[in-house]
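**Q** Before I ask anything, here is the structure I am working with.
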Protein chains: 4
Amino acid sequence: MAIAVTVWNEYRHEKRNPRIAQIYPEGIHGAIAGALTKAGYAVGTATLDEPEHGLTDEVLARTDVLTWWGHMAHGDVRDEIVAKVQKRVVEGGMGLIVLHSGHFSKIFTRLMGSTCNLKWREANEKERIWVLEPGHPIAQGLPEYIELEHEEMYGERFDIPAPDTLVMCSWFQGGEIFRSGCCYHRGRGKIFYFRPGHESYPTYHNALVQKVIVNAVAWAAPVEGPANSFGNKQPLEPLAK
Amino acid sequence: MAIAVTVWNEYRHEKRNPRIAQIYPEGIHGAIAGALTKAGYAVGTATLDEPEHGLTDEVLARTDVLTWWGHMAHGDVRDEIVAKVQKRVVEGGMGLIVLHSGHFSKIFTRLMGSTCNLKWREANEKERIWVLEPGHPIAQGLPEYIELEHEEMYGERFDIPAPDTLVMCSWFQGGEIFRSGCCYHRGRGKIFYFRPGHESYPTYHNALVQKVIVNAVAWAAPVEGPANSFGNKQPLEPLAK
Amino acid sequence: MAIAVTVWNEYRHEKRNPRIAQIYPEGIHGAIAGALTKAGYAVGTATLDEPEHGLTDEVLARTDVLTWWGHMAHGDVRDEIVAKVQKRVVEGGMGLIVLHSGHFSKIFTRLMGSTCNLKWREANEKERIWVLEPGHPIAQGLPEYIELEHEEMYGERFDIPAPDTLVMCSWFQGGEIFRSGCCYHRGRGKIFYFRPGHESYPTYHNALVQKVIVNAVAWAAPVEGPANSFGNKQPLEPLAK
Amino acid sequence: MAIAVTVWNEYRHEKRNPRIAQIYPEGIHGAIAGALTKAGYAVGTATLDEPEHGLTDEVLARTDVLTWWGHMAHGDVRDEIVAKVQKRVVEGGMGLIVLHSGHFSKIFTRLMGSTCNLKWREANEKERIWVLEPGHPIAQGLPEYIELEHEEMYGERFDIPAPDTLVMCSWFQGGEIFRSGCCYHRGRGKIFYFRPGHESYPTYHNALVQKVIVNAVAWAAPVEGPANSFGNKQPLEPLAK
């Protein structure tokens, strides 16, 4: 059965700013959902201003992998929904792909435990995303680097825990670097942070950027690993008297 | 100048249960503080029922490394104090040593992002803590394993992110294992989780257990690394027109 | 197309010792190859005493994942064959599953860079292999632990580099633990060390042990990541005069 | 007692090329040894063309940390000396600091198990070494980045195992990045790879580059961890009959 993906988007820039709407006429979620649908996933979308942000218990329960794009309204995401998403990742094994400015989302900072702060600049500069791990499934089908002619810069120090695997790292024309493809396990769930995707650039229409997200969904999909039990236990072995 | 350590303890078992008080007449914090003082650190203590849990802004500001023991009253620790401790670790670089049942403390679960749940059993069984990384500073002066004749069992699955370094792993007589010495970086701060220390056993009087905590304090002490700046930046390099 | 697996076996114990031959009438490689064939892989076998140890250039070139069992005759494996296997892993991306006493094989110690030494004991004791990462693909379909009634003990300190991911860790009845499921990347290739499988026990007939190897092959299979180029390069960006 | 450092240098460029000799009149080893001596270490030097490359058993036995610079003559380093150095790191816990073109030295590739290949270019371009882990002891006293006006470029894919800790990553003017400060444990020993230092630039006279090497020596110095025993063992616990 196809992996079920829910593409979440704040979806405010596109409604308020005609220039952004022109780049993403169906919203950022529309562009991402299109690419994931084409890849064969079962894709739904959800946005901030829907009831429960579109993330009802039913939606979360049937979602294998959730992608998350947010920027200007992280504070409007309700804490109880964030708690449900975190629980679904950690206890349920749902994959989570956090995109670009999602670094400051409540769900990402809660899962990381640090500030997730960084440097940034909007100067239409060139980004070159270098692949560090050619044997990792998220690198499938990629060239040695992905070049984006114009993007927002994000620079180190990126205040995250060291990734379990650092798959990609970006070079920026203005002099900075950035860990831009970061894998984490949290509980039963897998998380991938992927840097590019400022709303004012057509980044999510880029075929290689789409390829990375498609690969990341496959990597982050839940595994039927052991159903862990916690709490008070009897000994498995007899203890010496 | 000596590393400044604050030894935090819930300090309720010792006040309510005469059997525990007999093991730790000066509280668990007293036993730990004694060992750290002997090692040459500048040691203070703080407990749950003091104003602000003994963790005033002044105390936190002058603390290099905080050790944390809590068990029955994690919920009584006020969220705003937890937020201050987290900030002091992540942004200020304060080290944090989380002991035993502190795995379920608010500060540890916030820094980890997962449930930190586990299996447990009180059966007076034997624990053998094996050192996996003989070249790590926390292993300084240790034998191949530390044996504790009677301890509470903690068993995997321990729901934590994979440690940056797994220094120790425990064997239990009843059939379980447990990642018992776990190093993490979060922001500028370093965190060490160390498993043993149930209140009903004299574990913190054990010289090798004390040695581990003494070593962990030295490892976790802040480093004068770069003072990171975040936010909007000018390019370091001129961009092409 | 099915993943192509070559199952390599030293294949001497089975030919010399009737008791071992009784457990593995078709050799250890036969038992492993059977399980992998049933799982749908395209499986071949190779053994030490064949010409070029069965690992000709053609065999290596068409192998996606190589499994390796050796014990008494590591020294008889020719250095130039080992060099070819290493090259095929690191530069070609071939997966490698190293089993049990393969910890001391030339190929494993070369890829690790350390001695790979350990403690051992043959006492027919119980092993319990605990799964530490329920979200990892190698944990697919497993219970919380795999119990082997009788196995050889391997104990820490296991002198390996810390695994990229520690998927499993063993408990032994006699008091030891052991990192028994270890993932590594080396170059383009992925390596999984899996502990159990002493020749005098029917371990490779165990359905859960087989499941781990089946999962590990899927995880270790090559990825069509970037074809890296090395050496002298022109600048991608014009340098300032 | 002061940490004992041996600074090893190939020492051929300086003897053959007057331009290099002008930059390093006392050899690259002289410049490094000077900085380490000033920092309070007990420093000796050793070079390729000395008997046993200056690395006699006595020298190795008393060395806590060895730094290694080589470039044009890796092949002239005798295998038996390399084997001794590897043994002293892995079994003896000696620290090893591998500098710049030492990435292709026999000792480094043996400890890594991969090719350690990379991209390079000599174009007098700017390098900016960003600190990723401000809480790591090797970051002590550093700014957010170290800028070198002119250096040789090294670019990813750098074919190394993912470091245990990635402390620094370089930006290059011509469009590449490089993991330039990499920590590893191998056996009892700790290894730090540090990128900058092409012979035709005065890099080792740079105070911040010196600071990194000084810090790395302190980090890599041996720890009195457990003296591991390997081989056949009796059970620690009585086995059930």
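Residues are referred to by chain and number: the chain letter is A, B, ... according to the order shown in the structure tokens, the number counts from 1 in that chain, and ligands are numbered separately from 1 in the order shown.
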Can you pull out every residue within 9 Å of segment 4-16 of chain C, counting only C-alpha atoms, but drop anything in the same chain fewer than 6 positions away, and send it as an MDAnalysis selection string?
**A** chainID C and resid 22:30 32:33 36 41:49 53:55 59:60 62:74 199 217 221
**Q** For C-alpha atoms, I'd like the residues from the last selection saved as a JSON list (two decimals), in the first residue's frame.
**A**
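The resulting file, selection-v9.json, is shown below:
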```json
[["chain", "number", "residue", "atom", "x", "y", "z"],
["C", 22, "GLN", "CA", 24.99, -32.33, 11.30],
["C", 23, "ILE", "CA", 23.82, -28.86, 12.31],
["C", 24, "TYR", "CA", 24.63, -27.37, 8.90],
["C", 25, "PRO", "CA", 24.48, -30.20, 6.37],
["C", 26, "GLU", "CA", 24.67, -27.71, 3.50],
["C", 27, "GLY", "CA", 27.18, -25.51, 5.29],
["C", 28, "ILE", "CA", 26.51, -22.31, 7.17],
["C", 29, "HIS", "CA", 26.31, -20.63, 3.76],
["C", 30, "GLY", "CA", 23.60, -23.07, 2.74],
["C", 32, "ILE", "CA", 21.89, -18.42, 5.19],
["C", 33, "ALA", "CA", 21.43, -18.65, 1.42],
["C", 36, "LEU", "CA", 17.75, -15.11, 1.78],
["C", 41, "TYR", "CA", 16.84, -12.13, -3.10],
["C", 42, "ALA", "CA", 18.99, -13.45, -5.95],
["C", 43, "VAL", "CA", 21.48, -15.49, -3.96],
["C", 44, "GLY", "CA", 24.82, -17.09, -4.77],
["C", 45, "THR", "CA", 27.43, -18.60, -2.49],
["C", 46, "ALA", "CA", 31.21, -18.55, -2.32],
["C", 47, "THR", "CA", 33.65, -20.34, -0.04],
["C", 48, "LEU", "CA", 37.27, -20.06, 1.01],
["C", 49, "ASP", "CA", 38.61, -23.09, -0.80],
["C", 53, "HIS", "CA", 37.73, -17.84, -2.61],
["C", 54, "GLY", "CA", 34.77, -17.75, -5.00],
["C", 55, "LEU", "CA", 35.08, -13.98, -5.19],
["C", 59, "VAL", "CA", 31.09, -12.25, -8.82],
["C", 60, "LEU", "CA", 32.06, -9.09, -6.93],
["C", 62, "ARG", "CA", 27.40, -8.31, -9.74],
["C", 63, "THR", "CA", 27.06, -8.59, -5.96],
["C", 64, "ASP", "CA", 24.92, -5.96, -4.24],
["C", 65, "VAL", "CA", 25.43, -7.32, -0.74],
["C", 66, "LEU", "CA", 28.05, -9.76, 0.54],
["C", 67, "THR", "CA", 27.60, -11.69, 3.77],
["C", 68, "TRP", "CA", 30.74, -12.98, 5.50],
["C", 69, "TRP", "CA", 31.22, -15.83, 7.92],
["C", 70, "GLY", "CA", 34.75, -16.90, 8.86],
["C", 71, "HIS", "CA", 36.42, -18.20, 12.00],
["C", 72, "MET", "CA", 39.43, -20.49, 12.02],
["C", 73, "ALA", "CA", 41.10, -19.48, 8.77],
["C", 74, "HIS", "CA", 41.03, -15.68, 8.52],
["C", 199, "GLU", "CA", 29.21, -22.91, 14.33],
["C", 217, "VAL", "CA", 20.56, -7.01, 3.28],
["C", 221, "ALA", "CA", 21.89, -2.65, -0.63]]
```
**Q** Got a sec: who's within 10 Å of Arg110 of chain D, counting only C-alpha atoms, leaving out chain neighbours fewer than 2 positions off, as a list in words?
**A** Thr109, Arg110, Leu111, Met112, Gly113 and Ser114 of chain C; Val82, Ala83, Gln86, Phe104, Ser105, Lys106, Ile107, Phe108, Met112, Gly113, Ser114, Thr115 and Cys116 of chain D
**Q** Would you give me, as a PyMOL selection string, the residues of chain A that come within 8 Å of chain B, using only C-alpha atoms?
**A** chain A and resi 90+110-115+117-121+125+157+159-162+164+173-176+185-187+228-239
**Q** Generate the output file for the selected residues, C-alpha atoms, as a PDB file, in the first residue's frame.
**A**
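So selection_36.pdb came out as:
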```pdb
ATOM      1  CA  VAL A  90       7.793   9.487  19.081  1.00  0.00           C
ATOM      2  CA  ARG A 110      10.378  20.408  20.944  1.00  0.00           C
ATOM      3  CA  LEU A 111      11.861  17.367  19.263  1.00  0.00           C
ATOM      4  CA  MET A 112      15.354  18.862  19.232  1.00  0.00           C
ATOM      5  CA  GLY A 113      15.488  20.362  22.733  1.00  0.00           C
ATOM      6  CA  SER A 114      17.640  23.316  21.627  1.00  0.00           C
ATOM      7  CA  THR A 115      16.818  26.757  20.185  1.00  0.00           C
ATOM      8  CA  ASN A 117      18.403  29.381  15.915  1.00  0.00           C
ATOM      9  CA  LEU A 118      20.570  30.366  12.931  1.00  0.00           C
ATOM     10  CA  LYS A 119      21.822  33.240  10.773  1.00  0.00           C
ATOM     11  CA  TRP A 120      19.828  34.355   7.725  1.00  0.00           C
ATOM     12  CA  ARG A 121      19.869  36.826   4.865  1.00  0.00           C
ATOM     13  CA  GLU A 125      22.271  34.544  -3.516  1.00  0.00           C
ATOM     14  CA  ARG A 157      25.895  28.134  13.990  1.00  0.00           C
ATOM     15  CA  ASP A 159      21.694  25.434  17.049  1.00  0.00           C
ATOM     16  CA  ILE A 160      20.637  21.799  16.664  1.00  0.00           C
ATOM     17  CA  PRO A 161      21.828  18.547  18.199  1.00  0.00           C
ATOM     18  CA  ALA A 162      24.394  16.886  15.923  1.00  0.00           C
ATOM     19  CA  ASP A 164      22.426  11.082  13.576  1.00  0.00           C
ATOM     20  CA  GLN A 173      27.821  32.728  -2.078  1.00  0.00           C
ATOM     21  CA  GLY A 174      28.051  35.276   0.725  1.00  0.00           C
ATOM     22  CA  GLY A 175      30.445  33.206   2.807  1.00  0.00           C
ATOM     23  CA  GLU A 176      28.401  30.877   4.996  1.00  0.00           C
ATOM     24  CA  HIS A 185      15.583   9.341  15.300  1.00  0.00           C
ATOM     25  CA  ARG A 186      13.228  10.423  18.089  1.00  0.00           C
ATOM     26  CA  GLY A 187      11.405   7.544  19.754  1.00  0.00           C
ATOM     27  CA  ASN A 228       7.866  -1.640  23.082  1.00  0.00           C
ATOM     28  CA  SER A 229       6.374  -2.102  26.497  1.00  0.00           C
ATOM     29  CA  PHE A 230       7.421   0.141  29.348  1.00  0.00           C
ATOM     30  CA  GLY A 231       6.954   0.161  33.096  1.00  0.00           C
ATOM     31  CA  ASN A 232       7.175  -2.407  35.875  1.00  0.00           C
ATOM     32  CA  LYS A 233       8.434  -5.835  34.761  1.00  0.00           C
ATOM     33  CA  GLN A 234       9.026  -9.298  36.150  1.00  0.00           C
ATOM     34  CA  PRO A 235      12.534 -10.717  35.756  1.00  0.00           C
ATOM     35  CA  LEU A 236      13.152 -12.752  32.612  1.00  0.00           C
ATOM     36  CA  GLU A 237      15.760 -14.765  34.486  1.00  0.00           C
ATOM     37  CA  PRO A 238      15.422 -16.286  37.959  1.00  0.00           C
ATOM     38  CA  LEU A 239      17.432 -14.285  40.470  1.00  0.00           C
TER      39      LEU A 239
END
```
**Q** Report, in Å to a single decimal, how far apart atom CA of Phe192 of chain A and atom CA of Pro137 of chain C are.
**A**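 Pair atom CA of Pro137 of chain C / atom CA of Phe192 of chain A returns 15.7 Å.
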**Q** From a DSSP pass on the backbone, collect the residues of segment 74-207 of chain B flagged as strand (DSSP E or B) and hand them back as a count of residues only.
**A** 53
**Q** To test your reading of the structure, identify every residue in segment 144-238 of chain B that backbone DSSP assigns to helix (DSSP H, G or I), and report it as a list in words.
**A**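 The residues of segment 144-238 of chain B classed as helix (DSSP H, G or I) are Thr203, Tyr204, His205, Ala207, Leu208, Val209, Gln210, Lys211, Val212, Ile213, Val214, Asn215, Ala216, Val217, Ala218, Trp219 and Ala220 of chain B.
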**Q** Neighbouring residues of Cys182 of chain D were defined as those with any atom within 12 Å, considering only C-alpha atoms; residues of the same chain fewer than 3 positions away were excluded. Please report them as a PyMOL selection string.
**A** chain D and resi 96-100+103+112+131-133+136+138+158+160-170+178-179+185+190-195+212+216+220
**Q** Give me, please, the distance in Å between atom CA of Met94 of chain B and atom CA of Gly135 of chain D, quoted to one decimal.
**A** 9.6 Å
**Q** Report, in Å with one decimal, the straight-line distance from atom CA of Lys211 of chain C to atom CA of Ala139 of chain A.
**A**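 Separation between atom CA of Lys211 of chain C and atom CA of Ala139 of chain A: 26.2 Å.
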